[in-house]
Amino acid sequence: MCGIVGVTGVGDALPYLLQGLQKLEYRGYDSAGVYLTDASGKNALIKEKGRVSKLAEKAKAHGFSGTAGIAHTRWATHGNVTIENAHPQKSADDRFFLVHNGVIENYKELTETYLQGVHLVSETDTEVAVQLVDKFSKDGMSTPDAFRKMISLLDGNSAYGFLLVDHEDPETLYVAKKKSPLLVGVSDHGNAVTSDAAAMIDLTKEFIELRDGDMAIVKPKSVVIYDAAGEEVNREPFTLEIDPEDTDKGAYPYYMLKEIDEQAVVARNISAHYFDEDGNLQGIPCAVTDTIQEADRLYIVAAGTSYHAGLVGKRYFEQWAKIPTEVHIASEFAYDQPMLSEKPFFIFLSQSGETADSREVLDNVKKQGYPALTLANVMNSTLTREADFALPVLAGPEIAVASTKAYTAQVLVQAILAASLGNPGFDLKAELAKVAVEIQAITDEKESFKKIAEDALKDQHSAFYIGRGLDAAVALEAALKLKEISYIQTEGFAAGELKHGTISLIEEGTPVFALLTQSKTAGLLRGEVAQVAARGANTIVFASEDLAKEGDAFVLPQVNELLMPLLAVIPAQLVAYYATLARGLDVDRPRNLAKSVTVQ
Ligand code: F6R
């Protein structure tokens, strides 16, 4: 969603800010803006609707680069996508400039109470925040006090990340955060603030992580941090272990294709991390397994693709570890908590570690005193920090909005965790090595899926994915992948449900993809494929080697049946990718979506 970058004391601010915004583009946004200034107070505010490249053109044409500045990509929440609503927002007297991530729930009340008579030019809650700082400063407060006072008035539920500049002290950045990621980057040639470390790696790899309630004052050569109680605190920087090339798409036309192709390597990396050379599990602290063993039920909580990964993981926890497991959609669980068992243990699955719906559940669960583990791709994220335990899913930076390698990584790490709690009954390490080889084999045949996608989906308005058992879980993910980027309305569901309603939607030529990898139900699923075919559907079957028949569209290499989701999802990802390309759409940046969903 929205992204924040800021720099000070860097000599030439604009290139850092624009590169930073470009690195944040993958998170989804609909407008962008930059405020530039220098020690003399010369300044410029430039905003644009649409892509960062348009903003870059406008800013370069302006010709001023500054030595400090703040910039933002906005994903509209309050107010339409307009230049007025883009950030930075400014105070009426052009003294304060502010960028903001999050939602101020009580901004209308604050306007009525404090800003009577102030003419607001945007529809945003952010403008209210910057006008409040200005008002309190006019009342006689110092800038840090006015900033603090504004924050103290925000509704307790408001998650926020703020970055403020005062034109009267132009190279100083005022920073505050709560439940919204914000880091301070430090270097000998200037300092930075960013909501995503990857956006500032061209300046530094040293970052200080701010905690909830922190406020920081960042100058060209100093960083001072105050905790929620207002006490000055010392927080040590950490070095970001990230290869700048990991965040580049190299020769690939789209990040999504690169990330699909990376899945074999991801599978190998995960095995290398969680198994030693002799095949023994490592990297899962005893405290995690001991606490889970004491639980009488696991509750997996997640959203979207991560939720779908949880549906597969459930099978491993129940079958191998023998622990009853429920999988819940975070946004539902947060406000309608089901009846819990006596000794629940929570597992949060998240690529970003910042998903607001999941954070809400974690907050509730912590208040109730239940133990929780987060499996996340982005470590040092809110969900990893706030849970009792955290394990990395090790997919590497995932930039495309549509999640691919994080899904397979989450399934893999759940399998490994379940194996550490019980017994899969086969050599998991050896089988995962095979999985990696076969993922590679499927991605090597990507051209087959290009043809399938073009033939079946180029001009379609709707499509279906069906499966049974684990294939039904993968069908949900396959359908999400296709619909979110190609805009083809796609339903994924348990094939047995067809005749209970959905089959009435089948028309001549309707594409129905069937995932067929589970032997127990293969015969039934073949029957369902025949039923839709008899009603005119264009059936496309992806079947595992042991179950394949002539006429199937693609034969998936055979691995242990419980691990087949790791292979069955790959054709679905590739079909989604090629269908989207064929329809001339932006694969990496589907409309209305954001990579990290930090609002509820
Ligand atoms: C879809 C997708 C989303 C995310 C969901 C949860 O491709 O990526 O459905 O899975 O927004 O995000 P995380 O995993 O970051 O908690």
# chains A, B, ... in the order shown; residues from 1 in each chain; ligands from 1
>>> residues_around(residues="region 453-469 of chain A", least_positions_apart="2", cutoff="7 Å", atoms="only C-alpha atoms", output="PyMOL selection string")
chain A and resi 449-451+471-473+475+478-479+488-495+510-516+521+525+575+578-579+582-583
>>> write_last_selection(atoms="N, CA and C atoms", output="PDB file, in the first residue's frame")
ATOM      1  N   PHE A 449       2.230 -23.585 -21.177  1.00  0.00           N
ATOM      2  CA  PHE A 449       1.151 -22.884 -20.468  1.00  0.00           C
ATOM      3  C   PHE A 449       0.774 -21.586 -21.182  1.00  0.00           C
ATOM      4  N   LYS A 450       1.728 -21.055 -21.926  1.00  0.00           N
ATOM      5  CA  LYS A 450       1.435 -19.858 -22.728  1.00  0.00           C
ATOM      6  C   LYS A 450       0.339 -20.214 -23.733  1.00  0.00           C
ATOM      7  N   LYS A 451       0.530 -21.335 -24.377  1.00  0.00           N
ATOM      8  CA  LYS A 451      -0.444 -21.748 -25.409  1.00  0.00           C
ATOM      9  C   LYS A 451      -1.791 -22.060 -24.750  1.00  0.00           C
ATOM     10  N   ASP A 471      -6.331 -30.698  -3.745  1.00  0.00           N
ATOM     11  CA  ASP A 471      -6.505 -29.989  -5.021  1.00  0.00           C
ATOM     12  C   ASP A 471      -7.579 -28.902  -4.916  1.00  0.00           C
ATOM     13  N   ALA A 472      -8.540 -29.082  -4.026  1.00  0.00           N
ATOM     14  CA  ALA A 472      -9.561 -28.035  -3.838  1.00  0.00           C
ATOM     15  C   ALA A 472      -8.907 -26.805  -3.203  1.00  0.00           C
ATOM     16  N   ALA A 473      -7.977 -27.063  -2.273  1.00  0.00           N
ATOM     17  CA  ALA A 473      -7.261 -25.932  -1.649  1.00  0.00           C
ATOM     18  C   ALA A 473      -6.428 -25.200  -2.705  1.00  0.00           C
ATOM     19  N   ALA A 475      -7.027 -25.167  -5.853  1.00  0.00           N
ATOM     20  CA  ALA A 475      -7.955 -24.532  -6.803  1.00  0.00           C
ATOM     21  C   ALA A 475      -8.306 -23.111  -6.338  1.00  0.00           C
ATOM     22  N   ALA A 478      -5.316 -21.052  -7.221  1.00  0.00           N
ATOM     23  CA  ALA A 478      -5.210 -20.939  -8.682  1.00  0.00           C
ATOM     24  C   ALA A 478      -6.213 -19.906  -9.201  1.00  0.00           C
ATOM     25  N   ALA A 479      -7.421 -19.950  -8.648  1.00  0.00           N
ATOM     26  CA  ALA A 479      -8.467 -19.017  -9.099  1.00  0.00           C
ATOM     27  C   ALA A 479      -8.119 -17.590  -8.697  1.00  0.00           C
ATOM     28  N   ILE A 488     -10.247 -11.874 -15.132  1.00  0.00           N
ATOM     29  CA  ILE A 488     -11.254 -12.857 -15.551  1.00  0.00           C
ATOM     30  C   ILE A 488     -11.897 -13.380 -14.273  1.00  0.00           C
ATOM     31  N   GLN A 489     -13.197 -13.249 -14.191  1.00  0.00           N
ATOM     32  CA  GLN A 489     -13.843 -13.713 -12.958  1.00  0.00           C
ATOM     33  C   GLN A 489     -13.679 -15.228 -12.843  1.00  0.00           C
ATOM     34  N   THR A 490     -12.979 -15.659 -11.837  1.00  0.00           N
ATOM     35  CA  THR A 490     -12.647 -17.083 -11.724  1.00  0.00           C
ATOM     36  C   THR A 490     -13.066 -17.607 -10.362  1.00  0.00           C
ATOM     37  N   GLU A 491     -13.723 -18.749 -10.389  1.00  0.00           N
ATOM     38  CA  GLU A 491     -14.100 -19.375  -9.114  1.00  0.00           C
ATOM     39  C   GLU A 491     -13.269 -20.632  -8.932  1.00  0.00           C
ATOM     40  N   GLY A 492     -12.792 -20.818  -7.718  1.00  0.00           N
ATOM     41  CA  GLY A 492     -12.095 -22.050  -7.402  1.00  0.00           C
ATOM     42  C   GLY A 492     -12.909 -22.752  -6.326  1.00  0.00           C
ATOM     43  N   PHE A 493     -13.145 -24.035  -6.491  1.00  0.00           N
ATOM     44  CA  PHE A 493     -13.926 -24.693  -5.435  1.00  0.00           C
ATOM     45  C   PHE A 493     -13.801 -26.204  -5.480  1.00  0.00           C
ATOM     46  N   ALA A 494     -14.367 -26.807  -4.446  1.00  0.00           N
ATOM     47  CA  ALA A 494     -14.346 -28.260  -4.319  1.00  0.00           C
ATOM     48  C   ALA A 494     -15.274 -28.837  -5.376  1.00  0.00           C
ATOM     49  N   ALA A 495     -14.734 -29.715  -6.204  1.00  0.00           N
ATOM     50  CA  ALA A 495     -15.474 -30.174  -7.388  1.00  0.00           C
ATOM     51  C   ALA A 495     -16.822 -30.807  -7.042  1.00  0.00           C
ATOM     52  N   THR A 510     -16.941 -22.492 -21.739  1.00  0.00           N
ATOM     53  CA  THR A 510     -16.452 -21.998 -20.434  1.00  0.00           C
ATOM     54  C   THR A 510     -15.206 -22.792 -20.025  1.00  0.00           C
ATOM     55  N   PRO A 511     -14.095 -22.094 -19.743  1.00  0.00           N
ATOM     56  CA  PRO A 511     -12.903 -22.858 -19.350  1.00  0.00           C
ATOM     57  C   PRO A 511     -13.038 -23.405 -17.924  1.00  0.00           C
ATOM     58  N   VAL A 512     -12.845 -24.696 -17.791  1.00  0.00           N
ATOM     59  CA  VAL A 512     -12.848 -25.329 -16.462  1.00  0.00           C
ATOM     60  C   VAL A 512     -11.518 -26.068 -16.318  1.00  0.00           C
ATOM     61  N   PHE A 513     -10.668 -25.555 -15.438  1.00  0.00           N
ATOM     62  CA  PHE A 513      -9.386 -26.204 -15.164  1.00  0.00           C
ATOM     63  C   PHE A 513      -9.588 -27.184 -14.012  1.00  0.00           C
ATOM     64  N   ALA A 514      -9.128 -28.418 -14.210  1.00  0.00           N
ATOM     65  CA  ALA A 514      -9.235 -29.395 -13.119  1.00  0.00           C
ATOM     66  C   ALA A 514      -7.832 -29.777 -12.659  1.00  0.00           C
ATOM     67  N   LEU A 515      -7.638 -29.730 -11.337  1.00  0.00           N
ATOM     68  CA  LEU A 515      -6.355 -30.161 -10.761  1.00  0.00           C
ATOM     69  C   LEU A 515      -6.574 -31.565 -10.220  1.00  0.00           C
ATOM     70  N   LEU A 516      -5.795 -32.506 -10.698  1.00  0.00           N
ATOM     71  CA  LEU A 516      -6.086 -33.906 -10.392  1.00  0.00           C
ATOM     72  C   LEU A 516      -4.815 -34.599  -9.912  1.00  0.00           C
ATOM     73  N   THR A 521      -9.657 -39.529  -4.753  1.00  0.00           N
ATOM     74  CA  THR A 521     -10.844 -38.911  -5.352  1.00  0.00           C
ATOM     75  C   THR A 521     -10.710 -38.718  -6.864  1.00  0.00           C
ATOM     76  N   LEU A 525     -13.382 -37.029  -9.514  1.00  0.00           N
ATOM     77  CA  LEU A 525     -13.062 -35.780 -10.213  1.00  0.00           C
ATOM     78  C   LEU A 525     -13.160 -35.970 -11.734  1.00  0.00           C
ATOM     79  N   VAL A 575      -0.346 -20.044 -16.052  1.00  0.00           N
ATOM     80  CA  VAL A 575      -1.552 -19.752 -16.843  1.00  0.00           C
ATOM     81  C   VAL A 575      -2.027 -18.330 -16.531  1.00  0.00           C
ATOM     82  N   TYR A 578       0.395 -15.839 -18.275  1.00  0.00           N
ATOM     83  CA  TYR A 578       0.282 -15.720 -19.737  1.00  0.00           C
ATOM     84  C   TYR A 578      -1.096 -15.201 -20.164  1.00  0.00           C
ATOM     85  N   ALA A 579      -2.132 -15.554 -19.415  1.00  0.00           N
ATOM     86  CA  ALA A 579      -3.462 -15.034 -19.770  1.00  0.00           C
ATOM     87  C   ALA A 579      -3.459 -13.511 -19.628  1.00  0.00           C
ATOM     88  N   ALA A 582      -1.576 -11.961 -22.462  1.00  0.00           N
ATOM     89  CA  ALA A 582      -2.358 -12.047 -23.702  1.00  0.00           C
ATOM     90  C   ALA A 582      -3.444 -10.974 -23.730  1.00  0.00           C
ATOM     91  N   ARG A 583      -3.897 -10.572 -22.573  1.00  0.00           N
ATOM     92  CA  ARG A 583      -4.950  -9.545 -22.512  1.00  0.00           C
ATOM     93  C   ARG A 583      -4.365  -8.138 -22.439  1.00  0.00           C
TER      94      ARG A 583
END
>>> residues_near_ligand(ligand="ligand 1", cutoff="9 Å", atoms="only C-alpha atoms and all ligand atoms", output="PyMOL selection string")
chain A and resi 302-309+348-358+376-378+400-404+406-407+477+480-481+484-485+593-598
>>> select_by_dssp(residues="region 119-276 of chain A", states="alpha helix (DSSP H)", output="ChimeraX atom specification")
/A:125-138,143-152,255-261,263-274
>>> residues_around(residues="Phe345 (chain A)", least_positions_apart="4", cutoff="10 Å", atoms="only C-alpha atoms", output="compact mmCIF listing (two decimals) with N, CA, C and O atoms, in the first residue's frame")
# COMPACT_ATOMS: atom_id res chain seq x y z
N THR A 291 6.20 -25.71 22.82
CA THR A 291 4.95 -24.98 23.08
C THR A 291 3.83 -25.53 22.19
O THR A 291 2.69 -25.68 22.65
N ILE A 292 4.15 -25.86 20.96
CA ILE A 292 3.09 -26.41 20.09
C ILE A 292 2.64 -27.78 20.62
O ILE A 292 1.45 -28.08 20.62
N GLN A 293 3.60 -28.57 21.10
CA GLN A 293 3.22 -29.92 21.59
C GLN A 293 2.26 -29.82 22.77
O GLN A 293 1.48 -30.73 23.02
N GLU A 294 2.33 -28.71 23.50
CA GLU A 294 1.41 -28.56 24.65
C GLU A 294 0.00 -28.16 24.20
O GLU A 294 -0.94 -28.22 24.99
N ALA A 295 -0.12 -27.72 22.94
CA ALA A 295 -1.42 -27.23 22.47
C ALA A 295 -2.35 -28.39 22.13
O ALA A 295 -1.90 -29.47 21.76
N ASP A 296 -3.65 -28.15 22.25
CA ASP A 296 -4.59 -29.20 21.84
C ASP A 296 -5.19 -28.89 20.47
O ASP A 296 -5.91 -29.69 19.90
N ARG A 297 -4.87 -27.71 19.90
CA ARG A 297 -5.42 -27.34 18.59
C ARG A 297 -4.60 -26.20 18.00
O ARG A 297 -4.19 -25.28 18.73
N LEU A 298 -4.38 -26.26 16.72
CA LEU A 298 -3.67 -25.16 16.05
C LEU A 298 -4.69 -24.30 15.30
O LEU A 298 -5.62 -24.82 14.70
N TYR A 299 -4.46 -23.00 15.34
CA TYR A 299 -5.30 -22.06 14.60
C TYR A 299 -4.38 -21.32 13.64
O TYR A 299 -3.55 -20.52 14.08
N ILE A 300 -4.53 -21.61 12.37
CA ILE A 300 -3.74 -20.89 11.36
C ILE A 300 -4.57 -19.70 10.92
O ILE A 300 -5.74 -19.85 10.55
N THR A 325 -6.32 -29.00 13.47
CA THR A 325 -5.92 -27.67 12.98
C THR A 325 -7.08 -26.99 12.28
O THR A 325 -7.77 -27.61 11.46
N LEU A 340 -12.77 -21.24 21.06
CA LEU A 340 -11.43 -21.82 20.99
C LEU A 340 -11.35 -23.06 21.86
O LEU A 340 -12.14 -23.23 22.81
N SER A 341 -10.37 -23.89 21.55
CA SER A 341 -10.12 -25.06 22.40
C SER A 341 -9.48 -24.59 23.71
O SER A 341 -9.19 -23.41 23.87
N VAL A 365 -5.25 -11.97 20.26
CA VAL A 365 -4.80 -13.25 20.80
C VAL A 365 -3.79 -13.03 21.94
O VAL A 365 -3.81 -13.71 22.97
N TYR A 370 -2.64 -16.16 24.58
CA TYR A 370 -2.35 -17.40 23.87
C TYR A 370 -1.01 -17.29 23.12
O TYR A 370 -0.68 -16.22 22.60
N PRO A 371 -0.28 -18.40 23.03
CA PRO A 371 1.01 -18.33 22.31
C PRO A 371 0.82 -18.27 20.80
O PRO A 371 -0.15 -18.83 20.27
N ALA A 372 1.76 -17.61 20.13
CA ALA A 372 1.63 -17.43 18.68
C ALA A 372 2.99 -17.49 18.00
O ALA A 372 4.00 -17.02 18.55
N LEU A 373 2.96 -18.06 16.83
CA LEU A 373 4.16 -18.16 15.96
C LEU A 373 3.82 -17.49 14.64
O LEU A 373 2.73 -17.72 14.10
>>> select_by_dssp(residues="region 76-324 of chain A", states="strand (DSSP E or B)", output="PyMOL selection string")
chain A and resi 89-90+96-102+160-166+173-178+183-185+191-194+206-209+215-219+222-226+232-233+238-239+275+281+297-302
>>> residues_around(residues="region 171-181 of chain A", least_positions_apart="2", cutoff="7 Å", atoms="only C-alpha atoms", output="PDB file with N, CA, C and O atoms, in the first residue's frame")
ATOM      1  N   THR A   8      17.930  13.096   4.128  1.00  0.00           N
ATOM      2  CA  THR A   8      18.464  14.403   4.514  1.00  0.00           C
ATOM      3  C   THR A   8      19.984  14.368   4.529  1.00  0.00           C
ATOM      4  O   THR A   8      20.588  13.349   4.889  1.00  0.00           O
ATOM      5  N   ASP A  38      16.311  22.462   0.780  1.00  0.00           N
ATOM      6  CA  ASP A  38      17.735  22.470   1.117  1.00  0.00           C
ATOM      7  C   ASP A  38      17.953  23.370   2.329  1.00  0.00           C
ATOM      8  O   ASP A  38      16.995  23.954   2.851  1.00  0.00           O
ATOM      9  N   ALA A  39      19.207  23.469   2.761  1.00  0.00           N
ATOM     10  CA  ALA A  39      19.488  24.180   4.010  1.00  0.00           C
ATOM     11  C   ALA A  39      19.026  25.635   3.964  1.00  0.00           C
ATOM     12  O   ALA A  39      18.672  26.230   4.984  1.00  0.00           O
ATOM     13  N   ALA A  68      17.477  17.554   0.941  1.00  0.00           N
ATOM     14  CA  ALA A  68      16.601  16.779   1.821  1.00  0.00           C
ATOM     15  C   ALA A  68      15.233  16.725   1.162  1.00  0.00           C
ATOM     16  O   ALA A  68      14.916  17.552   0.291  1.00  0.00           O
ATOM     17  N   ALA A 159      -3.390   3.124  13.085  1.00  0.00           N
ATOM     18  CA  ALA A 159      -2.009   2.729  12.801  1.00  0.00           C
ATOM     19  C   ALA A 159      -1.442   3.856  11.945  1.00  0.00           C
ATOM     20  O   ALA A 159      -2.138   4.394  11.093  1.00  0.00           O
ATOM     21  N   TYR A 160      -0.190   4.247  12.181  1.00  0.00           N
ATOM     22  CA  TYR A 160       0.348   5.355  11.393  1.00  0.00           C
ATOM     23  C   TYR A 160       1.849   5.258  11.204  1.00  0.00           C
ATOM     24  O   TYR A 160       2.554   4.644  12.001  1.00  0.00           O
ATOM     25  N   GLY A 161       2.300   5.856  10.107  1.00  0.00           N
ATOM     26  CA  GLY A 161       3.700   6.170   9.901  1.00  0.00           C
ATOM     27  C   GLY A 161       3.716   7.598   9.380  1.00  0.00           C
ATOM     28  O   GLY A 161       3.026   7.894   8.387  1.00  0.00           O
ATOM     29  N   PHE A 162       4.415   8.506  10.042  1.00  0.00           N
ATOM     30  CA  PHE A 162       4.436   9.915   9.631  1.00  0.00           C
ATOM     31  C   PHE A 162       5.871  10.358   9.359  1.00  0.00           C
ATOM     32  O   PHE A 162       6.803   9.961  10.077  1.00  0.00           O
ATOM     33  N   LEU A 163       6.002  11.227   8.387  1.00  0.00           N
ATOM     34  CA  LEU A 163       7.296  11.858   8.122  1.00  0.00           C
ATOM     35  C   LEU A 163       7.003  13.325   7.789  1.00  0.00           C
ATOM     36  O   LEU A 163       6.289  13.631   6.838  1.00  0.00           O
ATOM     37  N   LEU A 164       7.545  14.213   8.630  1.00  0.00           N
ATOM     38  CA  LEU A 164       7.181  15.635   8.575  1.00  0.00           C
ATOM     39  C   LEU A 164       8.424  16.487   8.341  1.00  0.00           C
ATOM     40  O   LEU A 164       9.501  16.186   8.872  1.00  0.00           O
ATOM     41  N   VAL A 165       8.268  17.551   7.555  1.00  0.00           N
ATOM     42  CA  VAL A 165       9.338  18.551   7.419  1.00  0.00           C
ATOM     43  C   VAL A 165       8.772  19.919   7.801  1.00  0.00           C
ATOM     44  O   VAL A 165       7.647  20.262   7.407  1.00  0.00           O
ATOM     45  N   ASP A 169      13.089  24.649   9.543  1.00  0.00           N
ATOM     46  CA  ASP A 169      14.279  23.870   9.906  1.00  0.00           C
ATOM     47  C   ASP A 169      14.390  22.780   8.842  1.00  0.00           C
ATOM     48  O   ASP A 169      14.182  21.599   9.101  1.00  0.00           O
ATOM     49  N   LEU A 183      11.487   2.702   9.077  1.00  0.00           N
ATOM     50  CA  LEU A 183      12.871   2.460   9.475  1.00  0.00           C
ATOM     51  C   LEU A 183      13.679   3.715   9.223  1.00  0.00           C
ATOM     52  O   LEU A 183      13.379   4.469   8.293  1.00  0.00           O
ATOM     53  N   SER A 195       9.596   3.254   4.602  1.00  0.00           N
ATOM     54  CA  SER A 195       8.668   2.233   5.091  1.00  0.00           C
ATOM     55  C   SER A 195       9.105   0.841   4.629  1.00  0.00           C
ATOM     56  O   SER A 195       8.518  -0.149   5.041  1.00  0.00           O
ATOM     57  N   ASP A 212       6.688   0.744  17.930  1.00  0.00           N
ATOM     58  CA  ASP A 212       5.413   1.448  18.021  1.00  0.00           C
ATOM     59  C   ASP A 212       5.461   2.531  19.090  1.00  0.00           C
ATOM     60  O   ASP A 212       5.914   2.283  20.214  1.00  0.00           O
ATOM     61  N   GLY A 213       5.018   3.714  18.720  1.00  0.00           N
ATOM     62  CA  GLY A 213       5.003   4.829  19.673  1.00  0.00           C
ATOM     63  C   GLY A 213       6.271   5.660  19.626  1.00  0.00           C
ATOM     64  O   GLY A 213       6.345   6.739  20.210  1.00  0.00           O
ATOM     65  N   ASP A 214       7.291   5.183  18.916  1.00  0.00           N
ATOM     66  CA  ASP A 214       8.550   5.947  18.813  1.00  0.00           C
ATOM     67  C   ASP A 214       8.352   7.229  18.008  1.00  0.00           C
ATOM     68  O   ASP A 214       7.526   7.285  17.090  1.00  0.00           O
ATOM     69  N   MET A 215       9.153   8.246  18.375  1.00  0.00           N
ATOM     70  CA  MET A 215       9.256   9.426  17.537  1.00  0.00           C
ATOM     71  C   MET A 215      10.754   9.666  17.311  1.00  0.00           C
ATOM     72  O   MET A 215      11.536   9.482  18.249  1.00  0.00           O
ATOM     73  N   ALA A 216      11.143  10.022  16.095  1.00  0.00           N
ATOM     74  CA  ALA A 216      12.569  10.232  15.833  1.00  0.00           C
ATOM     75  C   ALA A 216      12.788  11.580  15.173  1.00  0.00           C
ATOM     76  O   ALA A 216      11.927  12.064  14.432  1.00  0.00           O
ATOM     77  N   ILE A 217      13.932  12.173  15.474  1.00  0.00           N
ATOM     78  CA  ILE A 217      14.314  13.415  14.804  1.00  0.00           C
ATOM     79  C   ILE A 217      15.595  13.107  14.022  1.00  0.00           C
ATOM     80  O   ILE A 217      16.636  12.767  14.605  1.00  0.00           O
ATOM     81  N   VAL A 218      15.464  13.169  12.705  1.00  0.00           N
ATOM     82  CA  VAL A 218      16.556  12.730  11.834  1.00  0.00           C
ATOM     83  C   VAL A 218      17.134  13.949  11.128  1.00  0.00           C
ATOM     84  O   VAL A 218      16.441  14.645  10.382  1.00  0.00           O
ATOM     85  N   LYS A 219      18.427  14.196  11.389  1.00  0.00           N
ATOM     86  CA  LYS A 219      19.125  15.321  10.756  1.00  0.00           C
ATOM     87  C   LYS A 219      20.230  14.751   9.861  1.00  0.00           C
ATOM     88  O   LYS A 219      20.506  13.559   9.919  1.00  0.00           O
ATOM     89  N   PRO A 220      20.893  15.613   9.080  1.00  0.00           N
ATOM     90  CA  PRO A 220      21.920  15.075   8.173  1.00  0.00           C
ATOM     91  C   PRO A 220      22.976  14.234   8.889  1.00  0.00           C
ATOM     92  O   PRO A 220      23.472  13.262   8.343  1.00  0.00           O
ATOM     93  N   THR A 382       6.173  -6.471  11.590  1.00  0.00           N
ATOM     94  CA  THR A 382       5.367  -6.356  12.806  1.00  0.00           C
ATOM     95  C   THR A 382       4.897  -7.729  13.307  1.00  0.00           C
ATOM     96  O   THR A 382       4.982  -8.031  14.494  1.00  0.00           O
TER      97      THR A 382
END
>>> closest_residue(among="A:His273, A:His167, A:Lys149, A:His119", to="Val133 (chain A)", atoms="only C-alpha atoms")
A:Lys149
>>> closest_residue(among="A:Gln518, A:Thr408, A:Gln19, A:Thr111", to="Arg268 (chain A)", atoms="only C-alpha atoms")
A:Thr408
>>> residues_around(residues="region 22-29 of chain A", least_positions_apart="3", cutoff="9 Å", atoms="only C-alpha atoms", output="ChimeraX atom specification")
/A:1-5,17-19,32,50-53,73-76,195-196,198-200,247,399-401,588-597
>>> atom_distance(atom1="CA of Leu585 (chain A)", atom2="CA of Thr443 (chain A)")
21.5 Å
